[in-house]
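Printed here is coords33.tsv (TSV, N, CA, C and O atoms):
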```tsv
chain	number	residue	atom	x	y	z
A	1	MET	N	-14.45	-2.87	-6.43
A	1	MET	CA	-15.53	-2.27	-5.70
A	1	MET	C	-15.28	-2.41	-4.18
A	1	MET	O	-15.56	-1.48	-3.43
A	2	LEU	N	-14.76	-3.55	-3.76
A	2	LEU	CA	-14.49	-3.77	-2.35
A	2	LEU	C	-13.45	-2.76	-1.83
A	2	LEU	O	-13.61	-2.19	-0.75
A	3	LEU	N	-12.40	-2.53	-2.59
A	3	LEU	CA	-11.36	-1.60	-2.16
A	3	LEU	C	-11.91	-0.18	-2.06
A	3	LEU	O	-11.57	0.55	-1.12
A	4	SER	N	-12.75	0.22	-2.98
A	4	SER	CA	-13.38	1.54	-2.93
A	4	SER	C	-14.28	1.66	-1.71
A	4	SER	O	-14.32	2.70	-1.05
A	5	THR	N	-15.01	0.60	-1.39
A	5	THR	CA	-15.88	0.59	-0.21
A	5	THR	C	-15.05	0.71	1.07
A	5	THR	O	-15.40	1.49	1.97
A	6	MET	N	-13.95	-0.02	1.14
A	6	MET	CA	-13.08	0.07	2.31
A	6	MET	C	-12.51	1.47	2.45
A	6	MET	O	-12.42	2.01	3.56
A	7	GLN	N	-12.15	2.08	1.34
A	7	GLN	CA	-11.62	3.44	1.36
A	7	GLN	C	-12.69	4.42	1.86
A	7	GLN	O	-12.41	5.31	2.66
A	8	SER	N	-13.93	4.25	1.42
A	8	SER	CA	-15.03	5.11	1.86
A	8	SER	C	-15.29	4.95	3.36
A	8	SER	O	-15.54	5.94	4.06
A	9	ILE	N	-15.24	3.73	3.85
A	9	ILE	CA	-15.44	3.48	5.28
A	9	ILE	C	-14.37	4.22	6.09
A	9	ILE	O	-14.66	4.86	7.10
A	10	HIS	N	-13.15	4.14	5.62
A	10	HIS	CA	-12.05	4.84	6.30
A	10	HIS	C	-12.30	6.35	6.31
A	10	HIS	O	-12.18	7.00	7.35
A	11	GLU	N	-12.65	6.91	5.17
A	11	GLU	CA	-12.85	8.36	5.07
A	11	GLU	C	-14.05	8.84	5.86
A	11	GLU	O	-13.98	9.87	6.53
A	12	GLN	N	-15.16	8.12	5.79
A	12	GLN	CA	-16.40	8.57	6.43
A	12	GLN	C	-16.46	8.27	7.92
A	12	GLN	O	-17.03	9.04	8.69
A	13	MET	N	-15.87	7.15	8.34
A	13	MET	CA	-15.99	6.74	9.74
A	13	MET	C	-14.67	6.85	10.51
A	13	MET	O	-14.64	6.62	11.71
A	14	GLY	N	-13.59	7.15	9.80
A	14	GLY	CA	-12.29	7.24	10.45
A	14	GLY	C	-11.76	5.89	10.91
A	14	GLY	O	-10.90	5.82	11.79
A	15	ALA	N	-12.27	4.81	10.32
A	15	ALA	CA	-11.87	3.46	10.71
A	15	ALA	C	-10.47	3.15	10.19
A	15	ALA	O	-10.09	3.54	9.09
A	16	THR	N	-9.71	2.45	11.02
A	16	THR	CA	-8.41	1.96	10.60
A	16	THR	C	-8.60	0.56	10.01
A	16	THR	O	-9.23	-0.29	10.63
A	17	ILE	N	-8.06	0.34	8.84
A	17	ILE	CA	-8.20	-0.95	8.16
A	17	ILE	C	-6.80	-1.47	7.87
A	17	ILE	O	-5.98	-0.77	7.28
A	18	LEU	N	-6.54	-2.69	8.28
A	18	LEU	CA	-5.27	-3.34	8.02
A	18	LEU	C	-5.47	-4.37	6.93
A	18	LEU	O	-6.31	-5.25	7.06
A	19	MET	N	-4.72	-4.24	5.87
A	19	MET	CA	-4.82	-5.17	4.75
A	19	MET	C	-3.42	-5.70	4.44
A	19	MET	O	-2.47	-4.92	4.37
A	20	VAL	N	-3.29	-6.98	4.27
A	20	VAL	CA	-2.02	-7.60	3.89
A	20	VAL	C	-2.20	-8.14	2.48
A	20	VAL	O	-3.16	-8.87	2.21
A	21	THR	N	-1.29	-7.77	1.58
A	21	THR	CA	-1.42	-8.19	0.19
A	21	THR	C	-0.05	-8.27	-0.47
A	21	THR	O	0.91	-7.66	-0.01
A	22	HIS	N	0.02	-9.03	-1.53
A	22	HIS	CA	1.20	-9.06	-2.39
A	22	HIS	C	0.94	-8.24	-3.65
A	22	HIS	O	1.79	-8.17	-4.53
A	23	ASP	N	-0.24	-7.64	-3.75
A	23	ASP	CA	-0.67	-6.95	-4.96
A	23	ASP	C	-0.48	-5.44	-4.85
A	23	ASP	O	-1.11	-4.79	-4.01
A	24	ALA	N	0.39	-4.88	-5.68
A	24	ALA	CA	0.68	-3.45	-5.63
A	24	ALA	C	-0.55	-2.60	-5.97
A	24	ALA	O	-0.74	-1.53	-5.38
A	25	PHE	N	-1.38	-3.06	-6.88
A	25	PHE	CA	-2.59	-2.30	-7.24
A	25	PHE	C	-3.51	-2.17	-6.03
A	25	PHE	O	-3.99	-1.07	-5.72
A	26	SER	N	-3.75	-3.26	-5.32
A	26	SER	CA	-4.59	-3.21	-4.13
A	26	SER	C	-3.97	-2.32	-3.06
A	26	SER	O	-4.66	-1.54	-2.41
A	27	ALA	N	-2.66	-2.42	-2.89
A	27	ALA	CA	-1.97	-1.61	-1.90
A	27	ALA	C	-2.06	-0.12	-2.21
A	27	ALA	O	-2.02	0.71	-1.31
A	28	SER	N	-2.24	0.23	-3.48
A	28	SER	CA	-2.28	1.65	-3.86
A	28	SER	C	-3.50	2.38	-3.30
A	28	SER	O	-3.56	3.59	-3.32
A	29	TYR	N	-4.48	1.65	-2.77
A	29	TYR	CA	-5.64	2.26	-2.13
A	29	TYR	C	-5.34	2.73	-0.71
A	29	TYR	O	-6.14	3.43	-0.10
A	30	ALA	N	-4.22	2.31	-0.15
A	30	ALA	CA	-3.87	2.63	1.23
A	30	ALA	C	-3.27	4.03	1.33
A	30	ALA	O	-2.86	4.64	0.34
A	31	ASN	N	-3.21	4.54	2.55
A	31	ASN	CA	-2.55	5.81	2.82
A	31	ASN	C	-1.12	5.61	3.31
A	31	ASN	O	-0.29	6.50	3.19
A	32	ARG	N	-0.86	4.44	3.87
A	32	ARG	CA	0.45	4.13	4.43
A	32	ARG	C	0.75	2.66	4.13
A	32	ARG	O	-0.11	1.81	4.28
A	33	ILE	N	1.98	2.39	3.73
A	33	ILE	CA	2.36	1.02	3.40
A	33	ILE	C	3.66	0.67	4.11
A	33	ILE	O	4.63	1.43	4.06
A	34	LEU	N	3.65	-0.48	4.76
A	34	LEU	CA	4.86	-1.06	5.32
A	34	LEU	C	5.27	-2.21	4.43
A	34	LEU	O	4.46	-3.08	4.12
A	35	PHE	N	6.51	-2.23	4.02
A	35	PHE	CA	7.04	-3.33	3.20
A	35	PHE	C	7.83	-4.25	4.11
A	35	PHE	O	8.74	-3.80	4.81
A	36	LEU	N	7.47	-5.52	4.11
A	36	LEU	CA	8.14	-6.51	4.94
A	36	LEU	C	9.03	-7.40	4.08
A	36	LEU	O	8.65	-7.80	2.99
A	37	ARG	N	10.20	-7.68	4.61
A	37	ARG	CA	11.11	-8.61	3.93
A	37	ARG	C	11.79	-9.46	5.00
A	37	ARG	O	12.35	-8.91	5.95
A	38	ASP	N	11.71	-10.75	4.83
A	38	ASP	CA	12.29	-11.69	5.80
A	38	ASP	C	11.76	-11.43	7.20
A	38	ASP	O	12.50	-11.51	8.18
A	39	GLY	N	10.48	-11.08	7.31
A	39	GLY	CA	9.84	-10.89	8.61
A	39	GLY	C	10.13	-9.58	9.30
A	39	GLY	O	9.73	-9.38	10.44
A	40	MET	N	10.83	-8.67	8.63
A	40	MET	CA	11.17	-7.38	9.23
A	40	MET	C	10.71	-6.25	8.32
A	40	MET	O	10.62	-6.43	7.10
A	41	ILE	N	10.45	-5.09	8.91
A	41	ILE	CA	10.05	-3.93	8.11
A	41	ILE	C	11.25	-3.48	7.29
A	41	ILE	O	12.31	-3.15	7.83
A	42	PHE	N	11.08	-3.47	5.98
A	42	PHE	CA	12.12	-3.05	5.05
A	42	PHE	C	12.09	-1.53	4.88
A	42	PHE	O	13.10	-0.86	4.95
A	43	THR	N	10.89	-1.00	4.64
A	43	THR	CA	10.70	0.45	4.50
A	43	THR	C	9.22	0.76	4.63
A	43	THR	O	8.38	-0.14	4.70
A	44	GLU	N	8.90	2.02	4.66
A	44	GLU	CA	7.53	2.49	4.82
A	44	GLU	C	7.34	3.70	3.90
A	44	GLU	O	8.24	4.53	3.78
A	45	ILE	N	6.18	3.77	3.24
A	45	ILE	CA	5.88	4.95	2.43
A	45	ILE	C	4.46	5.43	2.75
A	45	ILE	O	3.61	4.66	3.17
A	46	PHE	N	4.25	6.72	2.57
A	46	PHE	CA	2.96	7.35	2.78
A	46	PHE	C	2.46	7.94	1.47
A	46	PHE	O	3.25	8.47	0.69
A	47	LYS	N	1.16	7.87	1.26
A	47	LYS	CA	0.57	8.40	0.03
A	47	LYS	C	0.67	9.92	-0.02
A	47	LYS	O	0.98	10.49	-1.06
A	48	GLY	N	0.40	10.58	1.09
A	48	GLY	CA	0.44	12.04	1.11
A	48	GLY	C	-0.55	12.61	0.12
A	48	GLY	O	-1.70	12.16	0.03
A	49	MET	N	-0.12	13.54	-0.68
A	49	MET	CA	-0.97	14.21	-1.66
A	49	MET	C	-0.89	13.58	-3.05
A	49	MET	O	-1.47	14.09	-4.00
A	50	ASP	N	-0.16	12.47	-3.17
A	50	ASP	CA	-0.03	11.79	-4.46
A	50	ASP	C	-1.37	11.26	-4.95
A	50	ASP	O	-2.23	10.88	-4.15
A	51	SER	N	-1.54	11.21	-6.25
A	51	SER	CA	-2.69	10.51	-6.82
A	51	SER	C	-2.48	9.02	-6.60
A	51	SER	O	-1.36	8.58	-6.30
A	52	ARG	N	-3.54	8.24	-6.74
A	52	ARG	CA	-3.39	6.79	-6.57
A	52	ARG	C	-2.43	6.23	-7.62
A	52	ARG	O	-1.63	5.34	-7.34
A	53	LYS	N	-2.47	6.78	-8.82
A	53	LYS	CA	-1.58	6.31	-9.89
A	53	LYS	C	-0.12	6.60	-9.53
A	53	LYS	O	0.75	5.73	-9.69
A	54	ALA	N	0.16	7.79	-9.02
A	54	ALA	CA	1.53	8.14	-8.64
A	54	ALA	C	2.00	7.28	-7.47
A	54	ALA	O	3.15	6.84	-7.42
A	55	PHE	N	1.09	7.03	-6.51
A	55	PHE	CA	1.42	6.18	-5.37
A	55	PHE	C	1.71	4.75	-5.83
A	55	PHE	O	2.66	4.13	-5.36
A	56	PHE	N	0.93	4.26	-6.76
A	56	PHE	CA	1.15	2.93	-7.34
A	56	PHE	C	2.55	2.84	-7.94
A	56	PHE	O	3.27	1.87	-7.74
A	57	GLU	N	2.96	3.88	-8.66
A	57	GLU	CA	4.30	3.91	-9.25
A	57	GLU	C	5.38	3.87	-8.17
A	57	GLU	O	6.40	3.18	-8.33
A	58	ARG	N	5.16	4.59	-7.08
A	58	ARG	CA	6.13	4.56	-5.97
A	58	ARG	C	6.20	3.18	-5.34
A	58	ARG	O	7.29	2.72	-4.97
A	59	ILE	N	5.06	2.52	-5.23
A	59	ILE	CA	5.03	1.15	-4.69
A	59	ILE	C	5.86	0.23	-5.58
A	59	ILE	O	6.68	-0.55	-5.09
A	60	LEU	N	5.65	0.34	-6.88
A	60	LEU	CA	6.42	-0.50	-7.82
A	60	LEU	C	7.91	-0.21	-7.73
A	60	LEU	O	8.73	-1.13	-7.81
A	61	ASP	N	8.27	1.05	-7.52
A	61	ASP	CA	9.69	1.41	-7.37
A	61	ASP	C	10.30	0.71	-6.16
A	61	ASP	O	11.41	0.19	-6.23
A	62	VAL	N	9.57	0.72	-5.03
A	62	VAL	CA	10.08	0.06	-3.82
A	62	VAL	C	10.20	-1.44	-4.05
A	62	VAL	O	11.21	-2.05	-3.68
A	63	LEU	N	9.19	-2.04	-4.67
A	63	LEU	CA	9.25	-3.48	-4.93
A	63	LEU	C	10.42	-3.83	-5.83
A	63	LEU	O	11.09	-4.85	-5.63
A	64	THR	N	10.71	-2.99	-6.81
A	64	THR	CA	11.86	-3.21	-7.67
A	64	THR	C	13.16	-3.10	-6.88
A	64	THR	O	14.06	-3.92	-7.03
A	65	MET	N	13.21	-2.10	-6.00
A	65	MET	CA	14.40	-1.91	-5.15
A	65	MET	C	14.62	-3.10	-4.23
A	65	MET	O	15.75	-3.49	-3.96
A	66	MET	N	13.52	-3.74	-3.80
A	66	MET	CA	13.62	-4.89	-2.90
A	66	MET	C	14.05	-6.15	-3.66
A	66	MET	O	14.39	-7.15	-3.03
A	67	GLY	N	13.98	-6.11	-4.96
A	67	GLY	CA	14.48	-7.22	-5.76
A	67	GLY	C	13.49	-8.34	-5.96
A	67	GLY	O	13.88	-9.47	-6.21
A	68	GLY	N	12.19	-8.07	-5.83
A	68	GLY	CA	11.19	-9.11	-6.07
A	68	GLY	C	11.22	-10.15	-4.98
A	68	GLY	O	11.47	-9.86	-3.83
A	69	GLY	N	10.99	-11.39	-5.35
A	69	GLY	CA	10.98	-12.47	-4.37
A	69	GLY	C	9.71	-12.42	-3.52
A	69	GLY	O	8.71	-11.82	-3.89
A	70	GLN	N	9.73	-13.04	-2.38
A	70	GLN	CA	8.58	-13.12	-1.49
A	70	GLN	C	8.56	-11.89	-0.59
A	70	GLN	O	9.28	-11.78	0.37
A	71	THR	N	7.73	-10.92	-0.93
A	71	THR	CA	7.64	-9.67	-0.21
A	71	THR	C	6.19	-9.41	0.15
A	71	THR	O	5.30	-9.58	-0.68
A	72	ASN	N	5.93	-8.98	1.37
A	72	ASN	CA	4.58	-8.63	1.80
A	72	ASN	C	4.45	-7.12	1.83
A	72	ASN	O	5.35	-6.41	2.24
A	73	VAL	N	3.28	-6.66	1.42
A	73	VAL	CA	2.95	-5.24	1.47
A	73	VAL	C	1.79	-5.11	2.44
A	73	VAL	O	0.76	-5.73	2.25
A	74	CYS	N	1.96	-4.34	3.51
A	74	CYS	CA	0.91	-4.20	4.53
A	74	CYS	C	0.41	-2.77	4.56
A	74	CYS	O	1.13	-1.86	4.45
```
What is this structure when it is put down as structure tokens?
Amino acid sequence: MLLSTMQSIHEQMGATILMVTHDAFSASYANRILFLRDGMIFTEIFKGMDSRKAFFERILDVLTMMGGGQTNVC
């Protein structure tokens, strides 16, 4: 419910929200994701016109490509 509320605030008020998480499901609510590895930006993806489910799959693909371990999703 919190993630849906944050998404509504962004859409209705145009607010920028920065969320840091290790959870791909939570990250799938974002429009843009920066993947950090060893303190540096590894890659960046945008949701675009993808459904949240398709975006979630893309997030998992990137995490797999990064090889797991300690990775931050912003």
Long-range neighbours of stretch 25-29 of chain A as number ranges by chain, 10 Å cut-off, only C-alpha atoms, 3 positions minimum in chain = A: 3-4, 6-7, 19-22, 32-34, 47, 51-60, 73-74
Run DSSP on the backbone of this structure and report the residues of chain A it assigns to helix (DSSP H, G or I), as a PyMOL selection string.
-> chain A and resi 2-13+24-27+52-66
So for stretch 45-49 of chain A, what box centre and size do we get, axis-aligned, 8 Å extra on each of the six sides, every listed atom, Å to one decimal, as AutoDock Vina command-line options?
```
--center_x 2.2 --center_y 9.0 --center_z -0.4 --size_x 23.9 --size_y 26.4 --size_z 23.2
```
Which of A:Gly67, A:Ala30, A:Asp61, A:Leu18 sits closest to A:Phe46 [using only N, CA, C and O atoms] = A:Ala30
Run DSSP on the backbone of this structure and report the residues of chain A it assigns to strand (DSSP E), as a ChimeraX atom specification.
-> /A:32-37,40-46,72-73
Generate a file of the selected residues that holds N, CA, C and O atoms, formatted as an mmCIF file, in the coordinates of the input.
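The resulting file, selection25.cif, is reproduced below:
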```cif
data_model
loop_
_atom_site.group_PDB
_atom_site.id
_atom_site.type_symbol
_atom_site.label_atom_id
_atom_site.label_comp_id
_atom_site.auth_asym_id
_atom_site.auth_seq_id
_atom_site.Cartn_x
_atom_site.Cartn_y
_atom_site.Cartn_z
ATOM 1 N N ARG A 32 -0.860 4.440 3.870
ATOM 2 C CA ARG A 32 0.450 4.130 4.430
ATOM 3 C C ARG A 32 0.750 2.660 4.130
ATOM 4 O O ARG A 32 -0.110 1.810 4.280
ATOM 5 N N ILE A 33 1.980 2.390 3.730
ATOM 6 C CA ILE A 33 2.360 1.020 3.400
ATOM 7 C C ILE A 33 3.660 0.670 4.110
ATOM 8 O O ILE A 33 4.630 1.430 4.060
ATOM 9 N N LEU A 34 3.650 -0.480 4.760
ATOM 10 C CA LEU A 34 4.860 -1.060 5.320
ATOM 11 C C LEU A 34 5.270 -2.210 4.430
ATOM 12 O O LEU A 34 4.460 -3.080 4.120
ATOM 13 N N PHE A 35 6.510 -2.230 4.020
ATOM 14 C CA PHE A 35 7.040 -3.330 3.200
ATOM 15 C C PHE A 35 7.830 -4.250 4.110
ATOM 16 O O PHE A 35 8.740 -3.800 4.810
ATOM 17 N N LEU A 36 7.470 -5.520 4.110
ATOM 18 C CA LEU A 36 8.140 -6.510 4.940
ATOM 19 C C LEU A 36 9.030 -7.400 4.080
ATOM 20 O O LEU A 36 8.650 -7.800 2.990
ATOM 21 N N ARG A 37 10.200 -7.680 4.610
ATOM 22 C CA ARG A 37 11.110 -8.610 3.930
ATOM 23 C C ARG A 37 11.790 -9.460 5.000
ATOM 24 O O ARG A 37 12.350 -8.910 5.950
ATOM 25 N N MET A 40 10.830 -8.670 8.630
ATOM 26 C CA MET A 40 11.170 -7.380 9.230
ATOM 27 C C MET A 40 10.710 -6.250 8.320
ATOM 28 O O MET A 40 10.620 -6.430 7.100
ATOM 29 N N ILE A 41 10.450 -5.090 8.910
ATOM 30 C CA ILE A 41 10.050 -3.930 8.110
ATOM 31 C C ILE A 41 11.250 -3.480 7.290
ATOM 32 O O ILE A 41 12.310 -3.150 7.830
ATOM 33 N N PHE A 42 11.080 -3.470 5.980
ATOM 34 C CA PHE A 42 12.120 -3.050 5.050
ATOM 35 C C PHE A 42 12.090 -1.530 4.880
ATOM 36 O O PHE A 42 13.100 -0.860 4.950
ATOM 37 N N THR A 43 10.890 -1.000 4.640
ATOM 38 C CA THR A 43 10.700 0.450 4.500
ATOM 39 C C THR A 43 9.220 0.760 4.630
ATOM 40 O O THR A 43 8.380 -0.140 4.700
ATOM 41 N N GLU A 44 8.900 2.020 4.660
ATOM 42 C CA GLU A 44 7.530 2.490 4.820
ATOM 43 C C GLU A 44 7.340 3.700 3.900
ATOM 44 O O GLU A 44 8.240 4.530 3.780
ATOM 45 N N ILE A 45 6.180 3.770 3.240
ATOM 46 C CA ILE A 45 5.880 4.950 2.430
ATOM 47 C C ILE A 45 4.460 5.430 2.750
ATOM 48 O O ILE A 45 3.610 4.660 3.170
ATOM 49 N N PHE A 46 4.250 6.720 2.570
ATOM 50 C CA PHE A 46 2.960 7.350 2.780
ATOM 51 C C PHE A 46 2.460 7.940 1.470
ATOM 52 O O PHE A 46 3.250 8.470 0.690
ATOM 53 N N ASN A 72 5.930 -8.980 1.370
ATOM 54 C CA ASN A 72 4.580 -8.630 1.800
ATOM 55 C C ASN A 72 4.450 -7.120 1.830
ATOM 56 O O ASN A 72 5.350 -6.410 2.240
ATOM 57 N N VAL A 73 3.280 -6.660 1.420
ATOM 58 C CA VAL A 73 2.950 -5.240 1.470
ATOM 59 C C VAL A 73 1.790 -5.110 2.440
ATOM 60 O O VAL A 73 0.760 -5.730 2.250
#
```
